[in-house]
Each structure stands twice: as C-alpha cells, then as structure tokens.
>>> print(open('protein01.txt').read())   # compact mmCIF, C-alpha atoms
# COMPACT_ATOMS: atom_id res chain seq x y z
CA MET W 1 -47.04 -5.51 87.47
CA PRO W 2 -46.78 -4.13 83.89
CA VAL W 3 -50.26 -5.45 83.09
CA TRP W 4 -51.67 -3.63 86.10
CA GLN W 5 -49.89 -0.46 85.04
CA ALA W 6 -51.49 -0.69 81.60
CA LEU W 7 -54.87 -1.11 83.26
CA ARG W 8 -54.19 1.90 85.49
CA GLU W 9 -53.34 4.07 82.47
CA GLU W 10 -56.56 2.96 80.80
CA LEU W 11 -58.79 3.67 83.83
CA HIS W 12 -57.01 6.69 85.35
CA PRO W 13 -58.93 9.23 83.20
CA SER W 14 -62.15 7.79 84.69
CA GLY W 15 -61.09 8.77 88.21
CA PHE W 16 -59.32 5.53 89.11
CA GLU W 17 -55.99 5.14 90.89
CA LEU W 18 -53.88 2.06 91.54
CA VAL W 19 -51.82 1.89 94.74
CA THR W 20 -49.36 -0.98 94.89
CA VAL W 21 -48.07 -2.10 98.28
CA GLY W 22 -45.07 -4.42 98.63
CA LEU W 23 -45.44 -6.58 101.75
CA ASP W 24 -41.85 -7.32 102.72
CA SER W 25 -39.88 -6.96 105.94
CA LEU W 26 -36.86 -6.10 103.77
CA GLY W 27 -38.65 -2.94 102.61
CA ALA W 28 -36.87 -1.02 99.85
CA GLU W 29 -34.06 -3.58 99.79
CA GLY W 30 -36.54 -6.28 98.79
CA CYS W 31 -38.86 -4.25 96.54
CA ARG W 32 -36.69 -1.55 94.92
CA HIS W 33 -35.58 -3.64 91.96
CA PHE W 34 -39.15 -4.47 90.93
CA ILE W 35 -40.49 -0.96 91.51
CA GLU W 36 -37.67 0.76 89.64
CA ALA W 37 -38.01 -1.67 86.74
CA ALA W 38 -41.73 -0.85 86.55
CA ALA W 39 -41.17 2.94 86.89
CA PRO W 40 -44.78 3.39 88.04
CA THR W 41 -46.76 6.61 87.64
CA HIS W 42 -49.06 5.51 90.50
CA PRO W 43 -48.14 5.40 94.22
CA ALA W 44 -45.93 2.36 94.92
CA LEU W 45 -45.59 1.82 98.66
CA LEU W 46 -43.65 -0.43 101.05
CA ASP W 47 -45.16 -2.30 103.98
CA GLN W 48 -42.50 -3.88 106.16
CA TYR W 49 -44.85 -4.83 109.01
CA HIS W 50 -47.73 -6.05 106.82
CA VAL W 51 -50.03 -3.26 107.98
CA LEU W 52 -52.39 -4.43 105.21
CA ALA W 53 -52.79 -7.77 107.00
CA ARG W 54 -53.70 -6.16 110.31
CA THR W 55 -55.89 -3.34 108.99
CA LEU W 56 -57.50 -4.92 105.92
CA GLY W 57 -57.22 -8.66 106.42
CA VAL W 58 -54.85 -9.41 103.53
CA ILE W 59 -53.76 -13.08 103.77
CA ASN W 60 -52.22 -13.73 100.38
CA ILE W 61 -50.65 -12.02 97.40
CA PRO W 62 -51.69 -10.75 94.99
CA SER W 63 -54.75 -9.32 96.74
CA SER W 64 -56.81 -6.20 96.27
CA VAL W 65 -59.12 -3.93 98.22
CA TRP W 66 -61.45 -1.50 96.41
CA ILE W 67 -62.13 1.89 98.01
CA ASP W 68 -64.62 4.42 96.65
CA GLU W 69 -64.36 8.22 96.30
CA GLN W 70 -65.70 8.74 99.85
CA GLY W 71 -63.07 6.47 101.39
CA MET W 72 -65.45 3.56 101.93
CA ILE W 73 -64.28 0.03 101.22
CA VAL W 74 -66.59 -1.52 98.62
CA ARG W 75 -64.75 -4.83 98.29
CA PRO W 76 -62.61 -6.24 101.12
CA ALA W 77 -59.35 -8.13 100.58
CA GLU W 78 -59.70 -10.79 97.89
CA ALA W 79 -57.43 -12.49 95.36
CA ALA W 80 -56.54 -10.11 92.53
CA PRO W 81 -55.79 -12.09 89.38
CA ALA W 82 -53.91 -10.56 86.47
CA PRO W 83 -56.01 -9.28 83.56
CA PRO W 84 -57.08 -12.24 81.36
CA VAL W 85 -54.81 -11.59 78.36
CA ALA W 86 -51.71 -11.56 80.51
CA ALA W 87 -52.93 -14.59 82.45
CA ALA W 88 -53.19 -16.56 79.20
CA GLY W 89 -49.62 -15.58 78.31
CA GLU W 90 -48.39 -16.75 81.70
CA THR W 91 -49.69 -20.29 81.31
CA THR W 92 -46.90 -21.34 78.95
CA PRO W 93 -43.72 -20.59 80.83
CA GLU W 94 -42.04 -23.96 80.17
CA ARG W 95 -40.09 -22.59 77.26
CA GLN W 96 -38.68 -19.88 79.54
CA LEU W 97 -37.43 -22.26 82.24
CA PRO W 98 -33.65 -22.27 82.31
CA ALA W 99 -32.05 -25.66 81.65
CA ASP W 100 -30.28 -25.66 85.01
CA MET W 101 -33.43 -24.92 87.02
CA PRO W 102 -33.44 -26.90 90.28
CA GLN W 103 -35.98 -29.73 90.56
CA ARG W 104 -37.79 -27.88 93.38
CA PHE W 105 -38.52 -24.94 91.07
CA ILE W 106 -39.76 -27.16 88.30
CA GLU W 107 -42.21 -28.66 90.81
CA MET W 108 -43.15 -25.26 92.22
CA THR W 109 -43.82 -23.94 88.72
CA GLY W 110 -46.00 -26.96 88.00
CA GLU W 111 -48.06 -26.34 91.15
CA ALA W 112 -48.26 -22.58 90.50
CA MET W 113 -49.74 -23.28 87.06
CA LYS W 114 -52.57 -25.23 88.69
CA ILE W 115 -53.57 -22.24 90.83
CA SER W 116 -56.93 -21.18 89.49
CA SER W 117 -57.45 -17.64 88.35
CA GLN W 118 -60.77 -15.98 87.60
CA GLY W 119 -59.19 -13.02 85.90
CA GLU W 120 -61.96 -12.54 83.38
CA ALA W 121 -64.79 -12.25 85.92
CA TYR W 122 -62.72 -10.13 88.30
CA HIS W 123 -61.63 -7.62 85.66
CA ALA W 124 -65.10 -7.34 84.12
CA ALA W 125 -66.35 -6.50 87.62
CA LEU W 126 -63.59 -3.94 88.12
CA LYS W 127 -64.42 -2.11 84.89
CA ASP W 128 -68.11 -2.22 85.76
CA TRP W 129 -67.40 -0.58 89.14
CA VAL W 130 -65.15 2.09 87.64
CA ALA W 131 -67.91 2.94 85.13
CA LYS W 132 -70.95 2.77 87.41
CA GLY W 133 -69.63 3.38 90.93
CA ALA W 134 -72.17 2.68 93.67
CA ASP W 135 -74.66 1.45 91.04
CA SER W 136 -72.35 -1.42 90.14
CA GLU W 137 -73.61 -4.74 91.46
CA PHE W 138 -70.01 -5.50 92.45
CA ALA W 139 -69.79 -2.59 94.91
CA LEU W 140 -70.81 -4.19 98.19
CA SER W 141 -72.73 -2.58 101.04
CA PRO W 142 -70.78 -1.64 104.21
CA GLU W 143 -72.42 -4.55 106.08
CA GLU W 144 -71.46 -7.02 103.35
CA VAL W 145 -67.90 -5.62 103.23
CA ILE W 146 -67.46 -6.24 106.96
CA ALA W 147 -69.11 -9.67 106.79
CA ARG W 148 -66.86 -10.74 103.89
CA SER W 149 -63.64 -9.53 105.53
CA ARG W 150 -61.50 -12.24 107.14
CA PRO W 151 -62.79 -13.89 110.31
CA ARG W 152 -60.80 -12.65 113.30
CA SER W 153 -60.87 -14.51 116.59
CA ALA W 154 -58.88 -13.44 119.66
CA ASP W 155 -56.28 -16.05 118.62
CA VAL W 156 -55.97 -14.58 115.13
CA ALA W 157 -55.54 -11.08 116.62
CA LEU W 158 -52.83 -12.45 118.92
CA GLY W 159 -51.15 -14.06 115.91
CA HIS W 160 -50.93 -10.64 114.25
CA ALA W 161 -49.13 -9.26 117.33
CA HIS W 162 -46.65 -12.16 117.19
CA PHE W 163 -46.09 -11.54 113.48
CA GLU W 164 -45.35 -7.85 113.95
CA LEU W 165 -43.02 -8.64 116.85
CA ALA W 166 -41.22 -11.18 114.64
CA ILE W 167 -40.68 -8.52 111.97
CA ALA W 168 -39.34 -6.04 114.55
CA LEU W 169 -36.97 -8.69 115.92
CA GLU W 170 -35.81 -9.61 112.41
CA LEU W 171 -35.11 -5.94 111.64
CA ASP W 172 -33.21 -5.65 114.94
CA GLY W 173 -31.01 -8.59 113.86
CA HIS W 174 -32.50 -11.16 116.26
CA HIS W 175 -33.27 -13.78 113.65
CA GLU W 176 -33.64 -16.75 116.03
CA SER W 177 -36.12 -14.87 118.23
CA ALA W 178 -37.98 -13.76 115.13
CA ILE W 179 -38.42 -17.40 114.07
CA GLU W 180 -40.10 -18.20 117.43
CA HIS W 181 -42.69 -15.48 116.91
CA PHE W 182 -43.18 -16.29 113.21
CA ARG W 183 -43.94 -19.86 114.30
CA GLU W 184 -46.52 -18.61 116.83
CA ALA W 185 -48.09 -16.42 114.13
CA HIS W 186 -48.28 -19.36 111.72
CA GLN W 187 -50.08 -21.49 114.31
CA LEU W 188 -52.51 -18.76 115.32
CA VAL W 189 -53.27 -17.53 111.78
CA PRO W 190 -53.14 -20.75 109.75
CA ASP W 191 -54.95 -19.29 106.74
CA SER W 192 -52.37 -16.55 106.10
CA TRP W 193 -50.08 -17.39 103.20
CA THR W 194 -48.24 -14.07 103.49
CA PHE W 195 -47.29 -14.73 107.14
CA ARG W 196 -45.73 -18.01 106.03
CA ARG W 197 -44.21 -16.85 102.76
CA GLN W 198 -42.63 -13.83 104.46
CA ALA W 199 -40.94 -16.01 107.09
CA TRP W 200 -39.90 -18.67 104.57
CA SER W 201 -38.41 -16.01 102.27
CA LEU W 202 -35.98 -15.01 105.04
CA GLU W 203 -34.45 -18.50 105.27
CA PRO W 204 -31.48 -19.17 103.02
CA GLY W 205 -32.75 -22.37 101.35
CA ALA W 206 -30.76 -21.52 98.26
CA THR W 207 -28.37 -18.88 96.98
CA GLY W 208 -28.49 -16.62 93.97
CA PRO W 209 -31.55 -15.25 92.21
CA PHE W 210 -33.73 -18.13 93.45
CA ALA W 211 -32.98 -17.56 97.14
CA ARG W 212 -36.21 -15.84 98.21
CA PHE W 213 -38.44 -18.04 96.08
CA TRP W 214 -36.98 -21.28 97.40
CA GLN W 215 -39.36 -21.14 100.38
CA GLY W 216 -38.39 -24.49 101.83
CA PRO W 217 -35.63 -26.74 103.21
CA SER W 218 -32.23 -26.50 101.51
CA GLU W 219 -30.98 -29.54 99.60
CA ASP W 220 -27.76 -29.63 101.63
CA ASP W 221 -29.23 -29.44 105.12
CA PRO W 222 -33.00 -30.03 105.12
CA ALA W 223 -33.05 -30.67 108.89
CA ALA W 224 -32.10 -27.04 109.54
CA TRP W 225 -35.45 -25.78 108.17
CA PRO W 226 -37.14 -24.13 111.18
CA TYR W 227 -40.78 -24.27 110.06
CA GLU W 228 -43.47 -26.98 109.99
CA GLY W 229 -44.40 -26.45 106.37
CA ASP W 230 -42.92 -24.94 103.23
CA TRP W 231 -44.42 -23.56 100.02
CA LEU W 232 -44.32 -26.74 97.98
CA ALA W 233 -45.42 -29.04 100.80
CA ASP W 234 -48.26 -26.73 101.91
CA VAL W 235 -49.58 -26.14 98.39
CA LYS W 236 -49.56 -29.88 97.67
CA LYS W 237 -51.33 -30.52 100.98
CA ILE W 238 -54.30 -28.25 100.24
CA GLY W 239 -54.21 -28.73 96.47
CA ALA W 240 -53.04 -25.89 94.23
CA GLU W 241 -56.59 -25.38 92.94
CA ASN W 242 -57.56 -24.32 96.50
CA TYR W 243 -54.67 -21.87 96.90
CA SER W 244 -56.88 -18.87 96.14
CA GLU W 245 -60.44 -18.75 97.38
CA PRO W 246 -62.97 -18.68 94.54
CA TRP W 247 -63.98 -15.18 93.48
CA ARG W 248 -67.49 -14.19 94.57
CA PRO W 249 -69.38 -11.61 92.50
CA MET S 1 -48.18 -1.67 116.15
CA ILE S 2 -44.64 -1.89 117.51
CA LEU S 3 -43.51 0.21 120.48
CA ARG S 4 -40.17 0.41 122.25
CA ASP S 5 -41.64 2.09 125.29
CA ALA S 6 -45.08 1.52 126.82
CA LYS S 7 -45.44 5.28 127.33
CA SER S 8 -47.00 6.26 124.04
CA ASP S 9 -48.21 9.41 122.43
CA THR S 10 -52.01 9.14 122.41
CA ALA S 11 -52.36 10.51 118.87
CA LYS S 12 -49.85 7.94 117.56
CA PHE S 13 -51.74 5.14 119.30
CA GLU S 14 -54.98 6.35 117.71
CA GLN S 15 -53.48 6.63 114.22
CA GLU S 16 -51.81 3.22 114.30
CA THR S 17 -54.66 1.26 115.86
CA GLY S 18 -57.45 3.15 114.08
CA TRP S 19 -59.29 3.64 117.40
CA THR S 20 -60.23 7.17 118.48
CA PHE S 21 -60.68 8.13 122.12
CA LYS S 22 -64.02 9.81 122.81
CA PRO S 23 -65.94 10.47 126.05
CA GLU S 24 -67.83 7.18 125.50
CA GLY S 25 -64.62 5.16 125.12
CA ALA S 26 -62.35 3.96 122.30
CA CYS S 27 -64.32 4.11 119.04
CA LYS S 28 -63.95 2.84 115.49
CA GLY S 29 -66.85 3.30 113.09
CA GLU S 30 -70.04 2.54 114.99
CA VAL S 31 -68.27 0.43 117.63
CA CYS S 32 -67.12 1.86 120.98
CA ILE S 33 -65.28 0.06 123.75
CA PRO S 34 -66.05 1.74 127.09
CA LEU S 35 -63.01 2.81 129.11
CA ALA S 36 -62.92 3.64 132.83
CA GLN S 37 -61.35 7.02 132.12
CA PRO S 38 -60.47 8.91 128.93
CA PRO S 39 -56.69 8.93 128.24
CA GLY S 40 -54.60 12.10 128.38
CA GLU S 41 -51.98 13.16 125.82
CA THR S 42 -49.74 10.23 126.70
CA ILE S 43 -50.82 6.77 127.73
CA ASP S 44 -49.46 3.51 129.02
CA ALA S 45 -50.11 1.65 125.77
CA ILE S 46 -50.08 -1.78 127.42
CA GLU S 47 -52.66 -0.77 130.03
CA VAL S 48 -54.93 0.85 127.45
CA ALA S 49 -54.55 -2.04 124.99
CA GLU S 50 -55.44 -4.55 127.69
CA ALA S 51 -58.44 -2.46 128.78
CA MET S 52 -59.60 -2.48 125.14
CA GLY S 53 -59.03 -6.21 124.75
CA LEU S 54 -56.21 -5.82 122.21
CA PRO S 55 -53.53 -8.55 122.37
CA VAL S 56 -50.09 -7.54 123.65
CA VAL S 57 -46.88 -9.53 123.13
CA THR S 58 -43.58 -8.32 124.56
CA HIS S 59 -39.93 -9.31 124.14
CA ALA S 60 -36.96 -8.88 126.46
CA GLY S 61 -38.93 -7.56 129.41
CA GLY S 62 -40.80 -4.92 127.45
CA GLU S 63 -38.01 -3.56 125.24
CA LEU S 64 -40.18 -4.45 122.28
CA ILE S 65 -43.96 -4.34 122.51
CA ALA S 66 -46.34 -5.55 119.83
CA ILE S 67 -50.00 -4.58 120.09
CA GLY S 68 -52.29 -6.61 117.87
CA PRO S 69 -55.59 -5.62 116.27
CA GLU S 70 -59.07 -5.95 117.75
CA SER S 71 -61.20 -9.06 117.36
CA VAL S 72 -64.30 -7.44 118.89
CA GLY S 73 -66.31 -7.72 115.65
CA ALA S 74 -64.97 -11.21 114.82
CA HIS S 75 -63.84 -9.83 111.44
CA ALA S 76 -60.75 -8.07 110.13
CA LEU S 77 -62.91 -5.02 109.42
CA THR S 78 -64.89 -3.37 112.21
CA THR S 79 -66.11 -0.68 109.81
CA ALA S 80 -66.19 -0.32 106.02
CA GLU S 81 -64.56 3.10 106.34
CA ALA S 82 -61.04 2.62 104.94
CA PRO S 83 -58.34 2.84 107.62
CA ASP S 84 -55.93 5.78 107.68
CA ILE S 85 -53.03 3.84 106.15
CA ARG S 86 -49.74 5.72 105.82
CA LEU S 87 -46.79 3.93 104.23
CA PRO S 88 -43.49 5.04 102.67
CA ASP S 89 -42.35 4.77 99.05
CA ILE S 90 -38.84 3.54 98.12
CA ASP S 91 -37.43 7.01 98.80
CA GLY S 92 -38.84 7.03 102.32
CA ASN S 93 -41.58 9.58 101.60
CA GLU S 94 -44.72 8.81 103.58
CA PHE S 95 -47.91 8.51 101.55
CA ALA S 96 -51.39 8.69 103.09
CA LEU S 97 -54.06 6.65 101.34
CA ARG S 98 -56.58 9.33 102.32
CA SER S 99 -54.80 11.83 100.06
CA LEU S 100 -56.58 10.01 97.20
CA LEU S 101 -60.10 10.75 98.47
CA GLY S 102 -62.28 11.67 95.50
CA GLN S 103 -60.90 8.86 93.31
CA LYS S 104 -61.68 5.18 93.14
CA ILE S 105 -58.71 3.28 94.52
CA LEU S 106 -57.53 -0.27 94.06
CA VAL S 107 -55.00 -1.19 96.73
CA TYR S 108 -52.89 -4.00 95.28
CA ALA S 109 -50.84 -6.11 97.69
CA TRP S 110 -47.81 -7.92 96.20
CA ALA S 111 -44.49 -9.25 97.45
CA PRO S 112 -41.10 -9.98 95.91
CA TYR S 113 -41.07 -13.57 97.24
>>> encode(input="protein01.txt", output="structure tokens")
Amino acid sequence: MPVWQALREELHPSGFELVTVGLDSLGAEGCRHFIEAAAPTHPALLDQYHVLARTLGVINIPSSVWIDEQGMIVRPAEAAPAPPVAAAGETTPERQLPADMPQRFIEMTGEAMKISSQGEAYHAALKDWVAKGADSEFALSPEEVIARSRPRSADVALGHAHFELAIALELDGHHESAIEHFREAHQLVPDSWTFRRQAWSLEPGATGPFARFWQGPSEDDPAAWPYEGDWLADVKKIGAENYSEPWRP
Amino acid sequence: MILRDAKSDTAKFEQETGWTFKPEGACKGEVCIPLAQPPGETIDAIEVAEAMGLPVVTHAGGELIAIGPESVGAHALTTAEAPDIRLPDIDGNEFALRSLLGQKILVYAWAPY
C-alpha cells in the first residue's frame, strides 16, 4: 500500500482521491495492523461482507474501480497492479525469504512471481485520466462500463447470496454452517478468487504469522481441508500467468 | 444484504440493494422492474425480493436471510452510476463514497490474506 499512498499524494492536488477497501470478514481485526502501519491520509474502509463484490463485481484483489467527479464509473472492476517501479522491486524477494520458510510458501512465492502485471500500461492510463478526465481515451462510456463489468447469471447472483450468508454465519460463530454456504458460493461463482481466498483464509492450515496466507490443507491433517481447491492447487491448475485477466486499454 | 427479520425498513432495503421504489416499479438507472403494488414504509423483504427476481437464501428457518443482487442485466453493473456504498473505517465511523463527489476516485480493493 505505501506505493499507492505515494501515488495518492502525487495526484491528490489534481482532484484525485484514493479509497482503499479491505475485503475481510474479520473486519478491523484482520485489517487494523496493515492500516495503522500505513497511517493513510485517504479514506481506508472495511468491507466484511464483500459489498464490493456484489455492487461492483470485484472478483480478485488487488482490484480497482475508477469513478469520475459526477459519480459515474468510468472503469469497472479490473486488476490494479502496483506502480511499475515498485513492481520491479517486488520481483526479487528470494533474498527476503526466511530460512525456515515452509515448502508450501516457497512454492506459493514462486507461483506469485509468475503472475503477470501490466503496471506500466495501467498507471500511464491512470495518470492520463486524472489529467484529461472525460477526454482521456481510458475513460469508458457508460455502455462500455456496463458491458465490461462481470457477467452475472441468476446462478452467480445466487452465489453472492450464499457468500453473504456464509459471512453472517461465520460472524455468528457457526463455522461449519458457514463452510457449507462458502462451498455453494464457490460452485456458483467459480471465477471469484476473493470468495475462495476469504474462505480459505479462515481455515487454520498453519499457525503463526503465515496462518492466513497458508490457504490450503495443513501438513498434519490434509484430509480435514473442507474445500475442493486451495490457492496453490488452483493457481497451478489455471497457470499463474492467467491469474489476472489481461488489462484492456 | 443480510437481514435477521423479513420485515424490513423500505429505505434500508433501497439503500442496500441500490433499487429505488417508484410508481413504475423498482428502478436502478434506466432499468425498472414492475411490481404489482408499490411498497409502504416497511416491507416483507423476502416477498419483494422474490417479486423482483433477487435470489434469497435463508438459514435456520429464516433467522438469517441473505438477499443477493440482481442478474436482470446479465452484468454486475446495471448502470454506470456508482452505487451508494457506505462502509466503516477501523474506528467504526461510516464513510459514504458519495461524500467524495467532485473528485476523481480510485476505489482500491485489497485483503490481508
């Protein structure tokens, strides 16, 4: 997030504001540490029920939606890569990997590094829009915005209801019932990474600082994993290079 | 949206679903779904949701009710007008996205997992 904050400070005088939204059923408990460490000057919000999925069609993180001065969406939910300089810095994390890192994380890091990022094109487009507004070629018409937003069948809409019910059950302490509805949501909305990652992050596959990033069966009791897929298996299945959809101008 | 009672405040239903009740039906942007009769100040949210074609999933005999979004336009967005999103910050203060009208906004979704 620091790179986004720097960008916000740069563009704020031109009438630009960044609003970060943490999609996590744990709310402040899950996000506080990161938000306080960043000490943002922009609004930093919490979204326990993934309202951004239902209302804007967010299916993965990080994602962005651009909204103009009149409150019209000019770009619907799309992958939001880090600014290019930071992205280059992030491609050499090997030296930072702790010696005792579990094998699963070494593999996950390897896959994550293959995820393609078009940070340069995206951020050039963002600056163009901030400078030119509606005259920017990257500000889409209302018809194009709707057409480019996620497809939503009756099944997908039903999947969103299951997902929200799962979150409510989880918050009420009914974890087993929540799993049932998360599973329904995963089947009905198969293209949502956030629906899966949220559910996976609530399973104790590991302890300590890695717990929420483990996102898969534990080494001690893999049979107890309640979901069909997991982060590593699913990313390998589709190929890390297909994890984010290619950016369209 | 999550409800713990099917009897819902109409204004809350409108704010959460993004649909506004008008004489011609439930409307969002240019799209209206005709309804047999316009709702009063409170509604049976399940009945209205079903009349609008919104999915409803319940748990424990209706103690928890989840109403899903519309699929009438076959896309996540029915209109390009940004929805009236209101979410809290870490101190619990609600923030309305619409309070930023007049600026360009980038809504950035992230997660700590």
>>> residues_around(input="protein01.txt", residues="S:Gly92", least_positions_apart="3", cutoff="10 Å", atoms="all atoms listed in the file", output="ChimeraX atom specification")
/W:27-28,45-46 /S:87-89,95
>>> write_last_selection(input="protein01.txt", atoms="C-alpha atoms", output="tab-separated table (two decimals), keeping the file's coordinate frame")
chain	number	residue	atom	x	y	z
W	27	GLY	CA	-38.65	-2.94	102.61
W	28	ALA	CA	-36.87	-1.02	99.85
W	45	LEU	CA	-45.59	1.82	98.66
W	46	LEU	CA	-43.65	-0.43	101.05
S	87	LEU	CA	-46.79	3.93	104.23
S	88	PRO	CA	-43.49	5.04	102.67
S	89	ASP	CA	-42.35	4.77	99.05
S	95	PHE	CA	-47.91	8.51	101.55
>>> residues_around(input="protein01.txt", residues="stretch 55-58 of chain S", least_positions_apart="6", cutoff="9 Å", atoms="all atoms listed in the file", output="PyMOL selection string")
(chain W and resi 154-155+157-162+165) or (chain S and resi 46+49+64-70)
>>> residues_around(input="protein01.txt", residues="W:Leu126", least_positions_apart="5", cutoff="9 Å", atoms="all atoms listed in the file", output="list in words")
Trp66, Ala121, Ala131 and Phe138 of chain W
>>> write_last_selection(input="protein01.txt", atoms="C-alpha atoms", output="PDB file, in the frame of the given file")
ATOM      1  CA  TRP W  66     -61.450  -1.500  96.410  1.00  0.00           C
ATOM      2  CA  ALA W 121     -64.790 -12.250  85.920  1.00  0.00           C
ATOM      3  CA  ALA W 131     -67.910   2.940  85.130  1.00  0.00           C
ATOM      4  CA  PHE W 138     -70.010  -5.500  92.450  1.00  0.00           C
TER       5      PHE W 138
END
>>> closest_atom_pairs(input="protein01.txt", of="stretch 55-111 of chain S", to="stretch 18-23 of chain W", cutoff="10 Å", atoms="only C-alpha atoms", output="CSV")
residue,atom,partner,partner_atom,distance
S:Leu87,CA,W:Val21,CA,8.6
S:Pro88,CA,W:Val21,CA,9.6
S:Asp89,CA,W:Val21,CA,9.0
S:Leu97,CA,W:Val19,CA,8.4
S:Leu100,CA,W:Val19,CA,9.7
S:Gln103,CA,W:Leu18,CA,9.9
S:Lys104,CA,W:Leu18,CA,8.6
S:Ile105,CA,W:Leu18,CA,5.8
S:Leu106,CA,W:Leu18,CA,5.0
S:Val107,CA,W:Val19,CA,4.9
S:Tyr108,CA,W:Thr20,CA,4.7
S:Ala109,CA,W:Val21,CA,4.9
S:Trp110,CA,W:Gly22,CA,5.1
S:Ala111,CA,W:Gly22,CA,5.0
>>> write_last_selection(input="protein01.txt", atoms="C-alpha atoms", output="PDB file, in the coordinates of the input")
ATOM      1  CA  LEU S  87     -46.790   3.930 104.230  1.00  0.00           C
ATOM      2  CA  PRO S  88     -43.490   5.040 102.670  1.00  0.00           C
ATOM      3  CA  ASP S  89     -42.350   4.770  99.050  1.00  0.00           C
ATOM      4  CA  LEU S  97     -54.060   6.650 101.340  1.00  0.00           C
ATOM      5  CA  LEU S 100     -56.580  10.010  97.200  1.00  0.00           C
ATOM      6  CA  GLN S 103     -60.900   8.860  93.310  1.00  0.00           C
ATOM      7  CA  LYS S 104     -61.680   5.180  93.140  1.00  0.00           C
ATOM      8  CA  ILE S 105     -58.710   3.280  94.520  1.00  0.00           C
ATOM      9  CA  LEU S 106     -57.530  -0.270  94.060  1.00  0.00           C
ATOM     10  CA  VAL S 107     -55.000  -1.190  96.730  1.00  0.00           C
ATOM     11  CA  TYR S 108     -52.890  -4.000  95.280  1.00  0.00           C
ATOM     12  CA  ALA S 109     -50.840  -6.110  97.690  1.00  0.00           C
ATOM     13  CA  TRP S 110     -47.810  -7.920  96.200  1.00  0.00           C
ATOM     14  CA  ALA S 111     -44.490  -9.250  97.450  1.00  0.00           C
TER      15      ALA S 111
END
>>> closest_residue(input="protein01.txt", among="W:Met72, W:Ala124, W:Leu52, W:Ala82", to="chain S", atoms="all atoms listed in the file")
W:Met72
>>> residues_near_point(input="protein01.txt", point="(-38.5, -9.6, 94.6)", cutoff="8 Å", atoms="all atoms listed in the file", output="PDB file with C-alpha atoms, keeping the file's coordinate frame")
ATOM      1  CA  GLY W  30     -36.540  -6.280  98.790  1.00  0.00           C
ATOM      2  CA  CYS W  31     -38.860  -4.250  96.540  1.00  0.00           C
ATOM      3  CA  HIS W  33     -35.580  -3.640  91.960  1.00  0.00           C
ATOM      4  CA  PHE W  34     -39.150  -4.470  90.930  1.00  0.00           C
ATOM      5  CA  ARG W 212     -36.210 -15.840  98.210  1.00  0.00           C
TER       6      ARG W 212
ATOM      7  CA  ALA S 111     -44.490  -9.250  97.450  1.00  0.00           C
ATOM      8  CA  PRO S 112     -41.100  -9.980  95.910  1.00  0.00           C
ATOM      9  CA  TYR S 113     -41.070 -13.570  97.240  1.00  0.00           C
TER      10      TYR S 113
END
>>> residues_near_point(input="protein01.txt", point="(-50.5, -22.6, 96.9)", cutoff="7 Å", atoms="all atoms listed in the file", output="PyMOL selection string")
chain W and resi 112+115+231+234-235+240+243
